[in-house]
Amino acid sequence: MRTTRLKTAVVVTAALSLAGCGGAGSGLTVPQVVPAKVFSLAGFQPQTAVRAGQPVTISFTVAQPNGRPLTRYKTGAGPHTGVHLIIVRDDLAYIIHQHPPVGPNGLLRQTVTFPAPGPYRVLVDVYPNLPGGQPNFQLFTTVNVSGAYHPRPLPAFAPNLVVDGYHFRMQPHAALHAIQAQFIVVNVTDPRGHKPTFVPWFGALAHAIFFHQGSLDYFHTHICAPNAPNCGALPGVASSRISGTSTAPGKLTIGVLLPESGTWRLFLQAKLGGRIVTAPYTLQVAS
Ligand SMILES: [Cu+2]
């Protein structure tokens, strides 16, 4: 008998403790969960099959948290404006980088040609002109280009690359570490060995676009023209505080500030001889 009474007392105590947390009598109040209101891609096209080597028009709007299309974008010279459309195949073998114009009702349209079959990450880097809002943010989707996908392993780091006859030579530099800002210098010569003078393209003398192998995490810095507007630091955006420079013909000083360790692909892009040249580097980043 004595044992039974003890057990009963223990059970009652436990029940009272629970009641003390949840409120007497009425039970627990469960808050209603509603989805966070966020920016999103709306009406993304194409939804039909996409073929390699054939031009296709990508179109979408950026839907605001209130559901309406975003129509107000930062404007002016410099790269921190409008919308940047950056598309990479998952193995980081290919990149497409465009700045589609903002059309009526915020519609963005860009014709692109996917170079080969496979899965592509579509990254939309948005620079809204909204008072008090964040200076930029990224939205994502994917496009699968039909056909057999043969992923390519990333090559090992090589300091010297030749692309379309242009030589890119990365100067020796200290090891890269995650979350540590650093500058690396790349010297460029044209097919005749001359040092080119860089001209602005999409608002910058050169663009350094970084993707992490596997996760496809993204990071982007610019080599700014002297006194370029909309190219320097953005409030609250850590990456933007290390804008690069070009202090002499053929010389690019690139700001690097990567958020995590591992293997990164750096697509270094500049307009040379009237066309866009992309030098793809593989970078190892220590923790
Ligand atoms: Cu850029």
# chains A, B, ... in the order shown; residues from 1 in each chain; ligands from 1
>>> residues_near_ligand(ligand="ligand 1", cutoff="12 Å", atoms="only C-alpha atoms and all ligand atoms", output="ChimeraX atom specification")
/A:78-86,96-99,124-127,200-210,218-224,230-232,240,243-244,267-270
>>> residues_around(residues="Pro69 in chain A", least_positions_apart="6", cutoff="10 Å", atoms="only C-alpha atoms", output="list in words")
Phe39, Ser40, Leu41, Ala42, Phe60, Thr61, Val62, Ala63, Asn105, Gly106 and Leu107 of chain A
>>> write_last_selection(atoms="N, CA and C atoms", output="short mmCIF file (atom, residue, chain, number, x, y, z; two decimals), in the first residue's frame")
data_model
loop_
_atom_site.label_atom_id
_atom_site.label_comp_id
_atom_site.auth_asym_id
_atom_site.auth_seq_id
_atom_site.Cartn_x
_atom_site.Cartn_y
_atom_site.Cartn_z
N PHE A 39 11.18 37.88 -50.97
CA PHE A 39 11.30 38.07 -52.43
C PHE A 39 11.41 36.70 -53.09
N SER A 40 10.93 36.61 -54.32
CA SER A 40 11.03 35.33 -55.03
C SER A 40 11.04 35.60 -56.54
N LEU A 41 11.43 34.59 -57.31
CA LEU A 41 11.34 34.66 -58.76
C LEU A 41 9.92 34.29 -59.16
N ALA A 42 9.33 35.07 -60.06
CA ALA A 42 7.96 34.80 -60.49
C ALA A 42 7.92 34.65 -62.00
N PHE A 60 11.52 36.57 -66.39
CA PHE A 60 10.99 36.44 -65.02
C PHE A 60 10.76 37.84 -64.46
N THR A 61 10.07 37.89 -63.37
CA THR A 61 10.07 39.11 -62.55
C THR A 61 10.53 38.73 -61.16
N VAL A 62 10.93 39.72 -60.40
CA VAL A 62 11.25 39.53 -58.99
C VAL A 62 10.01 39.94 -58.21
N ALA A 63 9.37 38.97 -57.56
CA ALA A 63 8.17 39.27 -56.79
C ALA A 63 8.57 39.79 -55.41
N ASN A 105 6.76 46.86 -66.12
CA ASN A 105 6.26 46.07 -64.99
C ASN A 105 7.33 45.15 -64.40
N GLY A 106 8.58 45.58 -64.52
CA GLY A 106 9.67 44.83 -63.90
C GLY A 106 10.04 43.55 -64.60
N LEU A 107 9.58 43.38 -65.85
CA LEU A 107 9.90 42.14 -66.56
C LEU A 107 11.36 42.14 -67.01
#
>>> closest_residue(among="A:Ser215, A:Gln134, A:Asn160, A:Asn144", to="Thr189 in chain A", atoms="only C-alpha atoms")
A:Asn160
>>> atom_distance(atom1="CA of His167 in chain A", atom2="CA of Thr245 in chain A")
18.8 Å
>>> closest_residue(among="A:Thr247, A:Gln180, A:Asn227, A:Asn129", to="Ser261 in chain A", atoms="only C-alpha atoms")
A:Gln180
>>> atom_distance(atom1="CA of Pro117 in chain A", atom2="CA of Ser146 in chain A")
5.4 Å
>>> select_by_dssp(residues="range 16-129 of chain A", states="helix (DSSP H, G or I)", output="PyMOL selection string")
chain A and resi 16-22+104-106
>>> write_last_selection(atoms="N, CA and C atoms", output="compact mmCIF listing (two decimals), in the first residue's frame")
# COMPACT_ATOMS: atom_id res chain seq x y z
N LEU A 16 1.39 18.71 -12.32
CA LEU A 16 1.33 20.11 -11.93
C LEU A 16 2.46 20.90 -12.59
N SER A 17 3.62 20.26 -12.70
CA SER A 17 4.75 20.96 -13.32
C SER A 17 4.43 21.31 -14.77
N LEU A 18 3.84 20.37 -15.49
CA LEU A 18 3.50 20.63 -16.87
C LEU A 18 2.47 21.74 -16.98
N ALA A 19 1.48 21.71 -16.08
CA ALA A 19 0.44 22.74 -16.11
C ALA A 19 1.05 24.12 -15.90
N GLY A 20 2.11 24.18 -15.06
CA GLY A 20 2.74 25.46 -14.79
C GLY A 20 3.36 26.06 -16.04
N CYS A 21 3.78 25.23 -16.97
CA CYS A 21 4.39 25.75 -18.19
C CYS A 21 3.33 26.20 -19.19
N GLY A 22 2.30 25.40 -19.34
CA GLY A 22 1.41 25.62 -20.47
C GLY A 22 0.22 26.50 -20.14
N PRO A 104 9.00 46.85 -68.89
CA PRO A 104 7.75 47.29 -68.28
C PRO A 104 7.29 46.32 -67.20
N ASN A 105 6.76 46.86 -66.12
CA ASN A 105 6.26 46.07 -64.99
C ASN A 105 7.33 45.15 -64.40
N GLY A 106 8.58 45.58 -64.52
CA GLY A 106 9.67 44.83 -63.90
C GLY A 106 10.04 43.55 -64.60
>>> residues_around(residues="Lys271 in chain A", least_positions_apart="5", cutoff="7 Å", atoms="only C-alpha atoms", output="list in words")
Val199, Trp201, Ile276 and Val277 of chain A
>>> decode(residues="range 18-114 of chain A", atoms="C-alpha atoms", output="JSON list (two decimals), in the first residue's frame")
[["chain", "number", "residue", "atom", "x", "y", "z"],
["A", 18, "LEU", "CA", 3.50, 20.63, -16.87],
["A", 19, "ALA", "CA", 0.44, 22.74, -16.11],
["A", 20, "GLY", "CA", 2.74, 25.46, -14.79],
["A", 21, "CYS", "CA", 4.39, 25.75, -18.19],
["A", 22, "GLY", "CA", 1.41, 25.62, -20.47],
["A", 23, "GLY", "CA", -1.22, 27.61, -18.53],
["A", 24, "ALA", "CA", -3.82, 26.08, -16.28],
["A", 25, "GLY", "CA", -6.78, 24.32, -17.83],
["A", 26, "SER", "CA", -6.58, 25.54, -21.44],
["A", 27, "GLY", "CA", -3.52, 23.54, -22.53],
["A", 28, "LEU", "CA", -0.73, 24.84, -24.75],
["A", 29, "THR", "CA", -1.28, 27.73, -27.12],
["A", 30, "VAL", "CA", 0.21, 26.83, -30.51],
["A", 31, "PRO", "CA", 1.25, 29.87, -32.57],
["A", 32, "GLN", "CA", -0.05, 29.86, -36.11],
["A", 33, "VAL", "CA", 2.79, 29.28, -38.55],
["A", 34, "VAL", "CA", 2.65, 31.30, -41.77],
["A", 35, "PRO", "CA", 5.34, 31.32, -44.48],
["A", 36, "ALA", "CA", 7.80, 34.21, -44.24],
["A", 37, "LYS", "CA", 7.10, 36.87, -46.81],
["A", 38, "VAL", "CA", 10.15, 37.07, -48.98],
["A", 39, "PHE", "CA", 11.30, 38.07, -52.43],
["A", 40, "SER", "CA", 11.03, 35.33, -55.03],
["A", 41, "LEU", "CA", 11.34, 34.66, -58.76],
["A", 42, "ALA", "CA", 7.96, 34.80, -60.49],
["A", 43, "GLY", "CA", 6.89, 33.53, -63.91],
["A", 44, "PHE", "CA", 10.29, 32.07, -64.66],
["A", 45, "GLN", "CA", 10.65, 30.92, -68.28],
["A", 46, "PRO", "CA", 11.54, 28.67, -70.01],
["A", 47, "GLN", "CA", 9.55, 25.85, -68.49],
["A", 48, "THR", "CA", 9.89, 23.75, -71.64],
["A", 49, "ALA", "CA", 12.89, 21.72, -72.75],
["A", 50, "VAL", "CA", 16.09, 23.67, -73.31],
["A", 51, "ARG", "CA", 18.63, 22.51, -75.86],
["A", 52, "ALA", "CA", 22.34, 23.19, -75.92],
["A", 53, "GLY", "CA", 23.58, 25.53, -78.63],
["A", 54, "GLN", "CA", 20.16, 27.03, -79.34],
["A", 55, "PRO", "CA", 19.27, 30.52, -78.15],
["A", 56, "VAL", "CA", 16.53, 30.59, -75.53],
["A", 57, "THR", "CA", 14.90, 33.58, -73.88],
["A", 58, "ILE", "CA", 14.92, 33.59, -70.11],
["A", 59, "SER", "CA", 12.27, 35.80, -68.54],
["A", 60, "PHE", "CA", 10.99, 36.44, -65.02],
["A", 61, "THR", "CA", 10.07, 39.11, -62.55],
["A", 62, "VAL", "CA", 11.25, 39.53, -58.99],
["A", 63, "ALA", "CA", 8.17, 39.27, -56.79],
["A", 64, "GLN", "CA", 8.23, 41.47, -53.71],
["A", 65, "PRO", "CA", 7.03, 40.21, -50.31],
["A", 66, "ASN", "CA", 3.66, 41.84, -51.10],
["A", 67, "GLY", "CA", 3.42, 39.76, -54.29],
["A", 68, "ARG", "CA", 3.82, 42.66, -56.71],
["A", 69, "PRO", "CA", 6.71, 42.70, -59.18],
["A", 70, "LEU", "CA", 9.72, 44.74, -58.20],
["A", 71, "THR", "CA", 10.04, 47.65, -60.64],
["A", 72, "ARG", "CA", 12.43, 49.94, -58.80],
["A", 73, "TYR", "CA", 16.06, 48.97, -59.28],
["A", 74, "LYS", "CA", 19.24, 50.89, -58.60],
["A", 75, "THR", "CA", 20.39, 52.63, -61.76],
["A", 76, "GLY", "CA", 23.42, 54.48, -63.03],
["A", 77, "ALA", "CA", 26.99, 53.61, -63.91],
["A", 78, "GLY", "CA", 28.70, 50.91, -61.91],
["A", 79, "PRO", "CA", 28.02, 47.24, -61.29],
["A", 80, "HIS", "CA", 25.81, 47.57, -58.21],
["A", 81, "THR", "CA", 22.68, 48.26, -60.23],
["A", 82, "GLY", "CA", 19.76, 46.43, -61.80],
["A", 83, "VAL", "CA", 19.77, 42.67, -62.05],
["A", 84, "HIS", "CA", 22.71, 40.39, -62.67],
["A", 85, "LEU", "CA", 21.87, 37.07, -64.27],
["A", 86, "ILE", "CA", 24.64, 34.57, -63.63],
["A", 87, "ILE", "CA", 24.26, 30.99, -64.80],
["A", 88, "VAL", "CA", 26.76, 28.21, -64.09],
["A", 89, "ARG", "CA", 26.67, 24.55, -64.89],
["A", 90, "ASP", "CA", 26.79, 22.51, -61.69],
["A", 91, "ASP", "CA", 30.34, 21.30, -62.41],
["A", 92, "LEU", "CA", 31.43, 24.95, -62.90],
["A", 93, "ALA", "CA", 32.64, 24.20, -66.44],
["A", 94, "TYR", "CA", 30.61, 27.06, -67.95],
["A", 95, "ILE", "CA", 29.37, 30.49, -66.95],
["A", 96, "ILE", "CA", 26.93, 32.94, -68.52],
["A", 97, "HIS", "CA", 26.88, 36.48, -67.09],
["A", 98, "GLN", "CA", 24.37, 39.05, -68.31],
["A", 99, "HIS", "CA", 22.63, 42.15, -66.99],
["A", 100, "PRO", "CA", 19.13, 42.01, -68.50],
["A", 101, "PRO", "CA", 17.41, 45.38, -68.90],
["A", 102, "VAL", "CA", 14.43, 46.09, -66.66],
["A", 103, "GLY", "CA", 11.33, 46.14, -68.86],
["A", 104, "PRO", "CA", 7.75, 47.29, -68.28],
["A", 105, "ASN", "CA", 6.26, 46.07, -64.99],
["A", 106, "GLY", "CA", 9.67, 44.83, -63.90],
["A", 107, "LEU", "CA", 9.90, 42.14, -66.56],
["A", 108, "LEU", "CA", 13.44, 40.88, -67.13],
["A", 109, "ARG", "CA", 14.27, 39.17, -70.41],
["A", 110, "GLN", "CA", 17.57, 37.83, -71.63],
["A", 111, "THR", "CA", 18.35, 35.58, -74.56],
["A", 112, "VAL", "CA", 21.16, 33.16, -73.77],
["A", 113, "THR", "CA", 22.68, 30.08, -75.34],
["A", 114, "PHE", "CA", 23.53, 27.20, -73.04]]
